[in-house]
Structure formats: structure tokens, C-alpha cells
file entry_17.tsv (TSV, C-alpha atoms)
chain	number	residue	atom	x	y	z
I	72	MET	CA	76.92	30.54	89.73
I	73	SER	CA	76.07	27.39	87.81
I	74	LYS	CA	79.03	25.85	86.03
I	75	SER	CA	81.55	28.68	86.03
I	76	SER	CA	79.04	31.22	84.76
I	77	LEU	CA	78.82	34.71	86.23
I	78	ILE	CA	75.19	35.79	86.02
I	79	THR	CA	74.97	37.54	89.40
I	80	LEU	CA	77.29	38.12	92.36
I	81	LYS	CA	75.01	36.40	94.87
I	82	LYS	CA	77.08	33.23	95.27
I	83	ILE	CA	80.66	34.45	94.97
I	84	ASP	CA	82.89	34.78	98.02
I	85	GLU	CA	85.46	37.28	99.21
I	86	LYS	CA	88.37	34.97	98.43
I	87	PHE	CA	87.39	34.74	94.75
I	88	VAL	CA	86.86	38.51	94.43
I	89	LEU	CA	90.22	39.32	96.01
I	90	HIS	CA	91.82	36.74	93.70
I	91	LEU	CA	90.32	38.59	90.72
I	92	PHE	CA	91.67	41.90	92.04
I	93	SER	CA	95.14	40.44	92.54
I	94	LYS	CA	95.14	38.77	89.11
I	95	SER	CA	93.94	41.98	87.43
I	96	ILE	CA	96.76	44.00	89.02
I	97	GLU	CA	99.29	41.36	87.98
I	98	LEU	CA	98.04	41.41	84.36
I	99	LYS	CA	98.19	45.20	84.29
I	100	LYS	CA	101.72	45.24	85.65
I	101	ASN	CA	102.91	42.76	83.04
I	102	PHE	CA	101.14	44.67	80.28
I	103	ASN	CA	102.68	47.99	81.30
I	104	GLU	CA	106.12	46.41	81.35
I	105	HIS	CA	105.56	45.20	77.77
I	106	ARG	CA	106.14	41.57	78.62
I	107	LEU	CA	104.21	40.45	75.57
I	108	SER	CA	106.50	37.67	74.36
I	109	SER	CA	106.25	35.50	77.46
I	110	GLY	CA	104.31	35.11	80.67
I	111	PRO	CA	100.55	35.61	80.87
I	112	TYR	CA	100.29	37.30	77.47
I	113	HIS	CA	101.83	34.40	75.57
I	114	SER	CA	98.54	32.47	75.63
I	115	GLY	CA	98.32	31.14	72.10
I	116	TYR	CA	94.99	30.23	70.55
I	117	LYS	CA	92.61	28.55	73.00
I	118	GLY	CA	89.28	28.84	71.20
I	119	THR	CA	86.56	31.36	70.45
I	120	ALA	CA	84.42	33.64	72.59
I	121	ALA	CA	80.84	34.51	71.61
I	122	LEU	CA	80.24	38.17	72.49
I	123	LEU	CA	76.53	38.86	72.01
I	124	PHE	CA	75.51	42.46	72.58
I	125	PHE	CA	71.76	42.88	72.11
I	126	GLU	CA	71.97	46.32	73.74
I	127	PRO	CA	74.36	49.15	72.79
I	128	SER	CA	77.77	49.22	74.44
I	129	THR	CA	81.18	50.81	74.03
I	130	ARG	CA	83.30	50.28	77.16
I	131	THR	CA	81.94	46.86	78.10
I	132	ARG	CA	82.04	45.49	74.56
I	133	PHE	CA	85.53	46.72	73.70
I	134	SER	CA	86.99	45.64	77.04
I	135	PHE	CA	85.54	42.14	76.69
I	136	GLU	CA	86.85	41.99	73.14
I	137	ALA	CA	90.32	43.00	74.34
I	138	ALA	CA	90.14	40.71	77.36
I	139	SER	CA	89.12	37.69	75.27
I	140	SER	CA	91.92	38.24	72.77
I	141	ARG	CA	94.56	38.72	75.47
I	142	ALA	CA	93.42	35.53	77.18
I	143	GLY	CA	93.73	33.57	73.91
I	144	TYR	CA	90.10	33.46	72.76
I	145	HIS	CA	89.14	34.89	69.37
I	146	PRO	CA	86.02	37.06	69.82
I	147	MET	CA	83.00	36.39	67.59
I	148	ILE	CA	80.86	39.51	67.94
I	149	LEU	CA	77.14	40.02	67.44
I	150	ASP	CA	76.38	43.73	67.72
I	151	GLY	CA	72.60	44.15	67.98
I	152	GLY	CA	70.26	42.24	65.71
I	153	ILE	CA	70.92	44.15	62.49
I	154	GLY	CA	72.17	41.87	59.72
I	155	THR	CA	71.31	38.70	61.64
I	156	SER	CA	68.41	36.23	61.59
I	157	ILE	CA	66.84	38.15	64.48
I	158	GLU	CA	65.59	40.52	61.77
I	159	LYS	CA	63.79	37.53	60.26
I	160	GLY	CA	62.05	36.67	63.51
I	161	GLU	CA	64.55	34.33	65.16
I	162	THR	CA	64.44	34.61	68.94
I	163	ILE	CA	67.46	35.54	71.01
I	164	GLU	CA	67.26	32.11	72.62
I	165	ASP	CA	67.41	30.37	69.22
I	166	THR	CA	70.28	32.61	68.18
I	167	ILE	CA	72.24	31.58	71.28
I	168	SER	CA	71.48	27.88	70.71
I	169	ASN	CA	72.72	28.07	67.14
I	170	ILE	CA	75.89	29.94	68.12
I	171	GLN	CA	76.55	27.31	70.79
I	172	ALA	CA	76.62	24.75	67.95
I	173	LEU	CA	79.75	26.56	66.72
I	174	ARG	CA	81.42	25.52	69.99
I	175	PRO	CA	82.60	28.78	71.56
I	176	SER	CA	84.46	28.38	74.83
I	177	PHE	CA	82.14	30.83	76.57
I	178	PHE	CA	79.44	33.47	76.01
I	179	VAL	CA	79.41	37.12	77.01
I	180	ILE	CA	75.83	38.41	76.79
I	181	ARG	CA	74.32	41.88	77.15
I	182	CYS	CA	70.52	41.88	76.91
I	183	GLN	CA	67.25	43.32	78.14
I	184	ASP	CA	65.21	42.25	81.17
I	185	HIS	CA	62.85	39.99	79.22
I	186	VAL	CA	65.68	37.59	78.31
I	187	ASN	CA	66.12	34.98	81.03
I	188	LEU	CA	69.88	34.58	81.34
I	189	GLU	CA	69.58	32.07	84.18
I	190	GLN	CA	67.33	29.84	82.10
I	191	ILE	CA	69.66	30.10	79.10
I	192	ASP	CA	72.58	29.22	81.36
I	193	SER	CA	70.80	26.01	82.38
I	194	LEU	CA	70.36	25.00	78.74
I	195	ILE	CA	73.89	25.44	77.39
I	196	ASP	CA	77.07	23.69	78.42
I	197	VAL	CA	79.65	26.50	78.44
I	198	PRO	CA	79.96	29.45	80.85
I	199	ILE	CA	77.99	32.68	80.42
I	200	ILE	CA	79.27	36.03	81.64
I	201	ASN	CA	76.62	38.68	82.19
I	202	ALA	CA	77.71	41.90	80.43
I	203	GLY	CA	74.64	43.89	81.48
I	204	TRP	CA	71.18	42.39	81.96
I	205	GLY	CA	68.46	45.03	81.66
I	206	LYS	CA	68.03	46.60	85.09
I	207	ARG	CA	68.85	43.34	86.87
I	208	GLY	CA	72.62	43.52	87.12
I	209	HIS	CA	76.02	44.28	85.66
I	210	PRO	CA	78.41	42.19	87.78
I	211	THR	CA	81.67	42.92	85.96
I	212	GLN	CA	81.07	46.67	86.25
I	213	ALA	CA	80.62	46.35	90.02
I	214	LEU	CA	83.78	44.22	90.16
I	215	LEU	CA	85.88	46.68	88.15
I	216	ASP	CA	84.58	49.51	90.33
I	217	GLY	CA	85.63	47.50	93.37
I	218	LEU	CA	89.07	46.88	91.84
I	219	THR	CA	89.52	50.60	91.16
I	220	ILE	CA	88.59	51.51	94.73
I	221	HIS	CA	90.81	48.72	96.07
I	222	GLU	CA	93.76	50.13	94.12
I	223	LYS	CA	93.10	53.73	95.12
I	224	LEU	CA	92.23	53.31	98.81
I	225	GLY	CA	93.96	50.02	99.64
I	226	SER	CA	90.69	48.31	100.53
I	227	ILE	CA	86.99	48.73	99.93
I	228	ALA	CA	85.89	47.11	103.19
I	229	ALA	CA	83.94	49.47	105.50
I	230	LYS	CA	84.16	52.35	103.01
I	231	ASN	CA	81.15	54.60	102.35
I	232	ILE	CA	80.15	54.32	98.68
I	233	LEU	CA	77.69	57.00	97.56
I	234	PHE	CA	75.58	56.58	94.41
I	235	VAL	CA	74.18	59.81	92.99
I	236	GLY	CA	71.58	59.80	90.23
I	237	ASP	CA	69.28	57.36	88.48
I	238	ILE	CA	69.48	54.58	91.04
I	239	LYS	CA	66.07	53.11	90.22
I	240	HIS	CA	67.12	52.07	86.71
I	241	SER	CA	70.75	51.18	87.47
I	242	ARG	CA	71.89	47.60	86.96
I	243	VAL	CA	75.27	48.75	88.29
I	244	VAL	CA	73.69	49.55	91.67
I	245	ALA	CA	71.91	46.18	91.65
I	246	SER	CA	75.23	44.37	91.34
I	247	HIS	CA	76.92	46.63	93.91
I	248	ARG	CA	74.20	45.66	96.36
I	249	GLU	CA	75.27	42.02	95.94
I	250	LEU	CA	78.98	42.82	96.03
I	251	SER	CA	78.62	44.94	99.18
I	252	GLU	CA	77.39	41.84	101.01
I	253	VAL	CA	80.63	40.07	100.04
I	254	LEU	CA	83.17	42.86	100.58
I	255	LYS	CA	81.34	44.55	103.49
I	256	TYR	CA	81.19	48.16	102.32
I	257	ASN	CA	78.46	50.69	103.04
I	258	MET	CA	76.14	52.04	100.35
I	259	GLY	CA	74.39	55.40	100.25
I	260	PHE	CA	71.85	56.85	97.80
I	261	CYS	CA	71.31	60.49	96.87
I	262	ALA	CA	68.71	61.25	94.20
I	263	PRO	CA	65.34	62.85	93.56
I	264	ARG	CA	62.45	60.73	94.79
I	265	GLU	CA	61.52	59.56	91.26
I	266	PHE	CA	65.04	58.16	90.79
I	267	LEU	CA	64.90	55.99	93.91
I	268	PRO	CA	63.52	52.43	94.09
I	269	GLU	CA	60.18	52.03	95.82
I	270	VAL	CA	61.76	49.71	98.39
I	271	ILE	CA	65.24	50.51	99.72
I	272	SER	CA	67.18	47.69	101.35
I	273	THR	CA	67.96	47.82	105.04
I	274	GLY	CA	71.33	49.34	105.82
I	275	ILE	CA	71.48	51.74	102.87
I	276	GLN	CA	71.89	55.41	103.83
I	277	CYS	CA	69.51	57.74	101.97
I	278	PHE	CA	70.26	61.44	101.49
I	279	SER	CA	68.01	64.10	99.99
I	280	ASN	CA	70.74	66.70	100.45
I	281	LEU	CA	73.83	66.32	98.22
I	282	PRO	CA	76.24	68.36	100.40
I	283	GLU	CA	75.48	66.14	103.39
I	284	ALA	CA	75.93	63.03	101.25
I	285	LEU	CA	79.28	64.21	99.89
I	286	GLU	CA	80.61	64.77	103.40
I	287	TRP	CA	79.68	61.17	104.27
I	288	ALA	CA	81.21	59.52	101.23
I	289	ASP	CA	84.61	57.93	100.71
I	290	VAL	CA	83.66	57.19	97.10
I	291	VAL	CA	81.18	59.09	94.92
I	292	ILE	CA	79.74	57.20	91.94
I	293	ALA	CA	77.64	59.40	89.66
I	294	LEU	CA	75.09	57.54	87.54
I	295	ARG	CA	73.79	58.36	84.09
I	296	VAL	CA	70.25	59.67	83.83
I	297	GLN	CA	68.78	56.85	81.73
I	298	LYS	CA	66.19	58.69	79.67
I	299	GLU	CA	65.49	55.59	77.59
I	300	ARG	CA	64.24	53.69	80.66
I	301	HIS	CA	61.81	56.38	81.83
I	302	GLU	CA	58.24	55.82	80.75
I	303	ASN	CA	57.41	59.50	81.21
I	304	GLU	CA	60.00	61.72	79.53
I	305	ASN	CA	58.69	64.76	81.40
I	306	LEU	CA	59.22	63.15	84.79
I	307	PHE	CA	61.99	65.58	85.65
I	308	LEU	CA	63.66	68.72	84.40
I	309	ILE	CA	67.33	68.49	83.46
I	310	GLU	CA	68.10	71.92	84.89
I	311	ASP	CA	66.48	71.03	88.22
I	312	TYR	CA	68.50	67.82	88.39
I	313	ARG	CA	71.73	69.59	87.49
I	314	GLU	CA	71.08	72.28	90.09
I	315	ASN	CA	70.39	69.85	92.94
I	316	PHE	CA	72.34	66.70	92.16
I	317	GLY	CA	74.90	67.48	89.44
I	318	LEU	CA	78.58	67.26	90.36
I	319	ASN	CA	80.96	70.13	89.62
I	320	ASN	CA	84.23	71.45	91.02
I	321	GLU	CA	82.57	73.82	93.47
I	322	ARG	CA	80.27	71.17	94.89
I	323	LEU	CA	83.07	68.60	95.20
I	324	LYS	CA	84.92	70.94	97.54
I	325	LEU	CA	82.54	69.49	100.13
I	326	ALA	CA	83.84	65.96	99.53
I	327	LYS	CA	86.72	64.46	101.48
I	328	PRO	CA	90.21	65.42	100.23
I	329	ASN	CA	90.97	61.78	99.39
I	330	ALA	CA	87.47	60.90	98.11
I	331	VAL	CA	87.29	58.88	94.89
I	332	ILE	CA	85.07	60.15	92.07
I	333	MET	CA	83.66	57.62	89.60
I	334	HIS	CA	81.11	57.12	86.82
I	335	PRO	CA	80.36	53.85	84.97
I	336	GLY	CA	79.68	55.70	81.68
I	337	PRO	CA	78.46	56.82	79.30
I	338	ILE	CA	78.35	60.32	80.77
I	339	ASN	CA	75.79	63.04	80.14
I	340	TYR	CA	78.07	66.05	80.67
I	341	GLY	CA	76.14	69.00	81.98
I	342	VAL	CA	73.63	66.71	83.68
I	343	GLU	CA	75.12	64.33	86.25
I	344	ILE	CA	78.63	65.79	86.10
I	345	GLU	CA	80.50	68.64	84.43
I	346	SER	CA	83.44	67.87	82.13
I	347	GLU	CA	85.75	69.82	84.47
I	348	ILE	CA	85.52	66.89	86.91
I	349	LEU	CA	87.84	64.83	84.71
I	350	GLN	CA	90.71	67.13	85.73
I	351	ASP	CA	90.13	66.56	89.45
I	352	PRO	CA	93.00	64.35	90.75
I	353	ARG	CA	90.40	62.38	92.72
I	354	CYS	CA	88.60	61.40	89.50
I	355	VAL	CA	89.29	57.82	88.32
I	356	ILE	CA	86.71	57.51	85.54
I	357	LEU	CA	89.25	56.64	82.85
I	358	LYS	CA	91.00	54.33	85.32
I	359	GLN	CA	87.71	52.42	85.57
I	360	VAL	CA	87.77	51.95	81.79
I	361	GLU	CA	91.38	50.73	81.90
I	362	ASN	CA	90.67	48.37	84.77
I	363	GLY	CA	87.63	46.97	82.99
I	364	ALA	CA	89.72	45.11	80.41
I	365	PHE	CA	92.11	43.69	83.02
I	366	LEU	CA	89.33	42.64	85.41
I	367	ARG	CA	87.45	40.91	82.61
I	368	GLU	CA	90.60	39.21	81.40
I	369	ALA	CA	91.28	37.98	84.93
I	370	LEU	CA	87.71	36.69	85.11
I	371	ILE	CA	88.01	34.81	81.81
I	372	ARG	CA	91.30	33.28	82.87
I	373	SER	CA	89.86	32.34	86.26
I	374	ILE	CA	86.57	30.75	85.24
I	375	VAL	CA	86.90	29.71	81.58
I	376	ASP	CA	90.44	28.35	81.71
I	377	LYS	CA	89.57	26.53	84.94
I	378	GLU	CA	86.46	25.05	83.32
I	379	LYS	CA	88.59	23.75	80.44
I	380	GLY	CA	91.36	22.53	82.72
I	381	ASP	CA	93.97	24.88	81.20
call {"tool": "encode", "arguments": {"input": "entry_17.tsv", "output": "C-alpha cells"}}
result
Amino acid sequence: MSKSSLITLKKIDEKFVLHLFSKSIELKKNFNEHRLSSGPYHSGYKGTAALLFFEPSTRTRFSFEAASSRAGYHPMILDGGIGTSIEKGETIEDTISNIQALRPSFFVIRCQDHVNLEQIDSLIDVPIINAGWGKRGHPTQALLDGLTIHEKLGSIAAKNILFVGDIKHSRVVASHRELSEVLKYNMGFCAPREFLPEVISTGIQCFSNLPEALEWADVVIALRVQKERHENENLFLIEDYRENFGLNNERLKLAKPNAVIMHPGPINYGVEIESEILQDPRCVILKQVENGAFLREALIRSIVDKEKGD
């Protein structure tokens, strides 16, 4: 991290992550008890937040919008390039420079691989939070996943976290790889060969057989089949994938009784999972969404307020 930016999870430490988890749980407790007139939710106006989403988003965008508002920062939102000077040929870098002239307290940026977030971070003087950077990383998603597991199982350390699906194109997996080095959990992959990276890091368990993988896992994270990132649309058949790697009630009987079932969204029902999974008491997909806003609020309060000396 340069300044207080969060571009990757490579340089964070366990103490900071556990602080975020603790702060998130505290914020959620206060919110649920409707303590909105005092305490952490009586923030007042602190400034503005520039939320720039150059790629589509629902959960991440809305949770950052909620998190910014709760922390006292009015969100200024750019949703794609439609209706902006990007349509006239302005670069994303120029757009960011011009928005910085409006003096936001921080940026939240979701963009494609070709944008160099680390270079942009070196050129502006307020923090940047990565809200999804092509296939490179999605650090707040990995953190909110970790928070959800921490809440459900008491700790994520030494747990077996299984990723099923389009691992090759997953920025979520990229950030989990970094976070696993900090929180010391085990990662496993289960996917067809074309969905796996060409090089798999040392220490990651690889399964070609889903039943065997499910028996190993403490947490099962299904991943969306990202059709838009496949160069060859005919690379796989949906029915073949569903038959061999899709999650349903019958297949999840093989998982541990206290296993946690997750998905970062959006979900292709009938491909990576069946809608019936949402009724499984082990499923925490909507809890991930809820935790996303609190984790991101905790992050804003921890790095932006600290940067400003609040």
C-alpha cells in the first residue's frame, strides 16, 4: 500500500485484517441496534468520495455507496463512460485527474486490466481503493469473504477453502491468494482444465473430482462462469459443466455438515449452482452481501479517516 491506498493485499498484515473484521462486526452490531443518533453512525459530513465504476457492478457499487455515506462521505458516482467525456475520447487517466481536482477524500475504482491502478495511485494525493481490477484482484471481496468465514467458523486460519469454477479469470481468487498468505488458510481448486491457470502456485490443492474436493473443504466458494472473458465462446458446454462441477442439494450432501457455502456474485443459476442452494442453512451468500457494506465502511474509516487525522 502506498499512502493508505488498498490496491492489493500484498503488504497488509494480520493485525490490520483482524482490526477490520472487529470493526465491521462492531458497526453491524450498532446498526442492528438502531443506534443511528449517536456513536459511529453520527459521523456528520466529512467530504466526498469518488466512486468510479468503469465496469458493471451491483453489489460492490451499492455497498461502497452505502459504506461511504455511513462513514460521512457523500458519494460522487461515475457509472461506466456513458454521458461522460470518455465518450468524447478522454482517457480514464485524464478523467481521474480531473475528478481529483474536485478534491474528493478518496477514490474507489473498478476498471479493466489495461488501466494501471498502481501508476495512477502514484500520481494522485488521496487514497485509492481497488473495487475490482480486471483479472488482477478484488481485495475487498476477499476481505468480506474472510469476514464472513470468521463470523461463521470463529476463525479462518488453517481452514480449507475450496474454489469451484472459473478460477483462471477470477480476480477474487487472485486476492484470496494474497490474503491466504496473511491469514494462513489453505486453498483448493476444482474446475475443468480450461478454467485453471496455466501455472498453479505451490501449496494449492487441485481436484479434478468434485466429490473428493467437497469432502476436503471447510468452505466452498462457487465462482461465476465469466463468459465475457473467454476468447472462445465454444470452449465448454454449459451442460457438461453443470453435470461435473455444478453445486446442488444432492451433491452438497458430500460436504461437511458445518461447511460454509459461498458465491461472490452475480450467480448463473443452473450453471455453477442451483437456486435451491440458497435455502441450505450452510449457505451465506446473502450474508456476504450484507458484510460487504460493513467491511467497506470499516476500511474507509480505518484508512481514509486515519489519512485525514479524523
call {"tool": "residues_near_point", "arguments": {"input": "entry_17.tsv", "point": "(81.4, 40.0, 68.0)", "cutoff": "7 Å", "atoms": "only C-alpha atoms", "output": "PyMOL selection string"}}
result
chain I and resi 121-123+146-150
call {"tool": "atom_distance", "arguments": {"input": "entry_17.tsv", "atom1": "atom CA of I:Gly118", "atom2": "atom CA of I:Leu77"}}
result
19.2 Å
call {"tool": "residues_around", "arguments": {"input": "entry_17.tsv", "residues": "stretch 177-181 of chain I", "least_positions_apart": "2", "cutoff": "10 Å", "atoms": "all atoms listed in the file", "output": "PyMOL selection string"}}
result
chain I and resi 75-78+118-128+131-132+135-136+139+144+146-151+167+170-171+174-175+183-184+186+188+192+195-205+209+371+374-375+378
call {"tool": "residues_around", "arguments": {"input": "entry_17.tsv", "residues": "I:Leu323", "least_positions_apart": "3", "cutoff": "12 Å", "atoms": "only C-alpha atoms", "output": "list in words"}}
result
Leu281, Pro282, Glu283, Ala284, Leu285, Glu286, Ala288, Val290, Val291, Phe316, Gly317, Leu318, Asn319, Asn320, Ala326, Lys327, Pro328, Asn329, Ala330, Val331, Ile332, Ile344, Glu345, Glu347, Ile348, Asp351, Pro352, Arg353 and Cys354 of chain I
call {"tool": "closest_residue", "arguments": {"input": "entry_17.tsv", "among": "I:Glu252, I:Glu321, I:Glu265, I:Glu368", "to": "I:Lys82", "atoms": "only C-alpha atoms"}}
result
I:Glu252
call {"tool": "atom_distance", "arguments": {"input": "entry_17.tsv", "atom1": "atom CA of I:Ala142", "atom2": "atom CA of I:Gly380"}}
result
14.3 Å
call {"tool": "closest_residue", "arguments": {"input": "entry_17.tsv", "among": "I:Ala137, I:Val244, I:Leu233, I:Val270", "to": "I:Pro210", "atoms": "all atoms listed in the file"}}
result
I:Val244
call {"tool": "residues_around", "arguments": {"input": "entry_17.tsv", "residues": "I:Ala364", "least_positions_apart": "3", "cutoff": "6 Å", "atoms": "only C-alpha atoms", "output": "list in words"}}
result
Ser134, Ala138 and Arg367 of chain I
call {"tool": "closest_residue", "arguments": {"input": "entry_17.tsv", "among": "I:Gly236, I:Gly259, I:Gly341, I:Gly217", "to": "I:Lys358", "atoms": "all atoms listed in the file"}}
result
I:Gly217
call {"tool": "residues_around", "arguments": {"input": "entry_17.tsv", "residues": "I:Ile275", "least_positions_apart": "4", "cutoff": "9 Å", "atoms": "all atoms listed in the file", "output": "PyMOL selection string"}}
result
chain I and resi 257-260+271
call {"tool": "atom_distance", "arguments": {"input": "entry_17.tsv", "atom1": "atom CA of I:Met333", "atom2": "atom CA of I:Arg141"}}
result
26.0 Å
call {"tool": "closest_residue", "arguments": {"input": "entry_17.tsv", "among": "I:Ser156, I:Thr129, I:Thr219, I:Thr162", "to": "I:Asn362", "atoms": "only C-alpha atoms"}}
result
I:Thr219
call {"tool": "closest_residue", "arguments": {"input": "entry_17.tsv", "among": "I:Ala228, I:Leu173, I:Ile238, I:Leu267", "to": "I:Val253", "atoms": "only C-alpha atoms"}}
result
I:Ala228
call {"tool": "closest_residue", "arguments": {"input": "entry_17.tsv", "among": "I:Leu349, I:Val235, I:Ile83, I:Ile96", "to": "I:Gln276", "atoms": "only C-alpha atoms"}}
result
I:Val235
call {"tool": "build_atoms", "arguments": {"input": "entry_17.tsv", "residues": "stretch 184-208 of chain I", "atoms": "N, CA and C atoms", "output": "mmCIF file, in the coordinates of the input"}}
result
data_model
loop_
_atom_site.group_PDB
_atom_site.id
_atom_site.type_symbol
_atom_site.label_atom_id
_atom_site.label_comp_id
_atom_site.auth_asym_id
_atom_site.auth_seq_id
_atom_site.Cartn_x
_atom_site.Cartn_y
_atom_site.Cartn_z
ATOM 1 N N ASP I 184 65.791 42.977 80.042
ATOM 2 C CA ASP I 184 65.210 42.250 81.170
ATOM 3 C C ASP I 184 64.418 41.012 80.745
ATOM 4 N N HIS I 185 63.757 41.079 79.599
ATOM 5 C CA HIS I 185 62.850 39.990 79.220
ATOM 6 C C HIS I 185 63.583 38.704 78.850
ATOM 7 N N VAL I 186 64.890 38.791 78.576
ATOM 8 C CA VAL I 186 65.680 37.590 78.310
ATOM 9 C C VAL I 186 66.050 36.951 79.647
ATOM 10 N N ASN I 187 65.835 35.661 79.762
ATOM 11 C CA ASN I 187 66.120 34.980 81.030
ATOM 12 C C ASN I 187 67.508 34.328 80.964
ATOM 13 N N LEU I 188 68.508 35.074 81.415
ATOM 14 C CA LEU I 188 69.880 34.580 81.340
ATOM 15 C C LEU I 188 70.086 33.315 82.177
ATOM 16 N N GLU I 189 69.406 33.240 83.321
ATOM 17 C CA GLU I 189 69.580 32.070 84.180
ATOM 18 C C GLU I 189 69.019 30.829 83.521
ATOM 19 N N GLN I 190 67.903 30.980 82.824
ATOM 20 C CA GLN I 190 67.330 29.840 82.100
ATOM 21 C C GLN I 190 68.244 29.422 80.945
ATOM 22 N N ILE I 191 68.747 30.401 80.212
ATOM 23 C CA ILE I 191 69.660 30.100 79.100
ATOM 24 C C ILE I 191 70.893 29.383 79.630
ATOM 25 N N ASP I 192 71.402 29.840 80.768
ATOM 26 C CA ASP I 192 72.580 29.220 81.360
ATOM 27 C C ASP I 192 72.339 27.749 81.669
ATOM 28 N N SER I 193 71.110 27.410 82.045
ATOM 29 C CA SER I 193 70.800 26.010 82.380
ATOM 30 C C SER I 193 70.687 25.133 81.145
ATOM 31 N N LEU I 194 70.582 25.762 79.966
ATOM 32 C CA LEU I 194 70.360 25.000 78.740
ATOM 33 C C LEU I 194 71.613 24.804 77.902
ATOM 34 N N ILE I 195 72.667 25.573 78.184
ATOM 35 C CA ILE I 195 73.890 25.440 77.390
ATOM 36 C C ILE I 195 75.015 24.926 78.275
ATOM 37 N N ASP I 196 76.052 24.410 77.648
ATOM 38 C CA ASP I 196 77.070 23.690 78.420
ATOM 39 C C ASP I 196 78.400 24.408 78.541
ATOM 40 N N VAL I 197 78.432 25.708 78.219
ATOM 41 C CA VAL I 197 79.650 26.500 78.440
ATOM 42 C C VAL I 197 79.284 27.703 79.307
ATOM 43 N N PRO I 198 80.268 28.330 79.948
ATOM 44 C CA PRO I 198 79.960 29.450 80.850
ATOM 45 C C PRO I 198 79.377 30.659 80.135
ATOM 46 N N ILE I 199 78.528 31.390 80.860
ATOM 47 C CA ILE I 199 77.990 32.680 80.420
ATOM 48 C C ILE I 199 78.483 33.749 81.384
ATOM 49 N N ILE I 200 78.937 34.863 80.825
ATOM 50 C CA ILE I 200 79.270 36.030 81.640
ATOM 51 C C ILE I 200 78.266 37.124 81.309
ATOM 52 N N ASN I 201 77.613 37.613 82.329
ATOM 53 C CA ASN I 201 76.620 38.680 82.190
ATOM 54 C C ASN I 201 77.344 40.006 81.940
ATOM 55 N N ALA I 202 77.082 40.618 80.781
ATOM 56 C CA ALA I 202 77.710 41.900 80.430
ATOM 57 C C ALA I 202 76.727 43.054 80.529
ATOM 58 N N GLY I 203 75.677 42.872 81.314
ATOM 59 C CA GLY I 203 74.640 43.890 81.480
ATOM 60 C C GLY I 203 73.293 43.304 81.129
ATOM 61 N N TRP I 204 72.472 43.073 82.144
ATOM 62 C CA TRP I 204 71.180 42.390 81.960
ATOM 63 C C TRP I 204 70.060 43.339 82.372
ATOM 64 N N GLY I 205 69.538 44.085 81.388
ATOM 65 C CA GLY I 205 68.460 45.030 81.660
ATOM 66 C C GLY I 205 68.761 45.873 82.877
ATOM 67 N N LYS I 206 67.815 45.897 83.821
ATOM 68 C CA LYS I 206 68.030 46.600 85.090
ATOM 69 C C LYS I 206 68.451 45.630 86.193
ATOM 70 N N ARG I 207 68.628 44.365 85.843
ATOM 71 C CA ARG I 207 68.850 43.340 86.870
ATOM 72 C C ARG I 207 70.263 43.309 87.423
ATOM 73 N N GLY I 208 71.258 43.572 86.589
ATOM 74 C CA GLY I 208 72.620 43.520 87.120
ATOM 75 C C GLY I 208 73.678 43.687 86.054
#
